[in-house]
Amino acid sequence: MYDEREKALKLALRTVLSEAKERGLDVDLLCEGAMRSILDGPAREPVLIADAVLAIEVAADALDWAALTSA
């Protein structure tokens, strides 16, 4: 059950970032701002913070990789 939820959240994040990019937003700046918000936010669980930042980085890298391979 948890594995399916994690997959769904990863898909959702990639899709939101892809849509932002298609609408002309600077996804790199968006991701940097989101990561900064997580790091500066109220969450104090180091593993959760690290996992969240990593998830954003992986999703952004996937967009970059897709752009490189489709060109």
# chains A, B, ... in the order shown; residues from 1 in each chain; ligands from 1

$ residues_around --residues "Leu54 in chain A" --least-positions-apart "6" --cutoff "10 Å" --atoms "only C-alpha atoms" --output "short mmCIF file (atom, residue, chain, number, x, y, z; two decimals) with C-alpha atoms, in the first residue's frame"
data_model
loop_
_atom_site.label_atom_id
_atom_site.label_comp_id
_atom_site.auth_asym_id
_atom_site.auth_seq_id
_atom_site.Cartn_x
_atom_site.Cartn_y
_atom_site.Cartn_z
CA MET A 35 13.80 22.98 -1.51
CA LEU A 48 12.03 13.40 5.95
CA ALA A 60 13.59 17.83 -11.90
#

$ residues_around --residues "Val53 in chain A" --least-positions-apart "3" --cutoff "10 Å" --atoms "only C-alpha atoms" --output "list in words"
Cys31, Glu32, Ala34, Met35, Arg36, Ser37, Ile38, Leu39, Val47, Leu48, Ile49, Ala50, Ile56, Glu57 and Val58 of chain A

$ write_last_selection --atoms "C-alpha atoms" --output "PDB file, in the first residue's frame"
ATOM      1  CA  CYS A  31      12.542  23.560  -7.424  1.00  0.00           C
ATOM      2  CA  GLU A  32      15.233  25.626  -5.713  1.00  0.00           C
ATOM      3  CA  ALA A  34      10.662  24.591  -2.890  1.00  0.00           C
ATOM      4  CA  MET A  35      13.805  22.979  -1.513  1.00  0.00           C
ATOM      5  CA  ARG A  36      14.719  26.183   0.321  1.00  0.00           C
ATOM      6  CA  SER A  37      11.221  26.277   1.827  1.00  0.00           C
ATOM      7  CA  ILE A  38      11.571  22.693   3.018  1.00  0.00           C
ATOM      8  CA  LEU A  39      14.996  23.345   4.534  1.00  0.00           C
ATOM      9  CA  VAL A  47      15.377  11.987   7.088  1.00  0.00           C
ATOM     10  CA  LEU A  48      12.025  13.402   5.952  1.00  0.00           C
ATOM     11  CA  ILE A  49      13.672  16.678   4.896  1.00  0.00           C
ATOM     12  CA  ALA A  50      16.414  14.850   2.988  1.00  0.00           C
ATOM     13  CA  ILE A  56      12.369  17.204  -5.938  1.00  0.00           C
ATOM     14  CA  GLU A  57      15.872  16.838  -7.356  1.00  0.00           C
ATOM     15  CA  VAL A  58      15.066  13.466  -8.927  1.00  0.00           C
TER      16      VAL A  58
END

$ atom_distance --atom1 "CA of Ala52 in chain A" --atom2 "CA of Leu30 in chain A"
14.3 Å

$ closest_residue --among "A:Asp3, A:Asp28, A:Glu45, A:Asp40" --to "Ala59 in chain A" --atoms "only C-alpha atoms"
A:Asp28

$ closest_residue --among "A:Arg5, A:Thr69, A:Pro46, A:Asp61" --to "Leu17 in chain A" --atoms "only C-alpha atoms"
A:Asp61
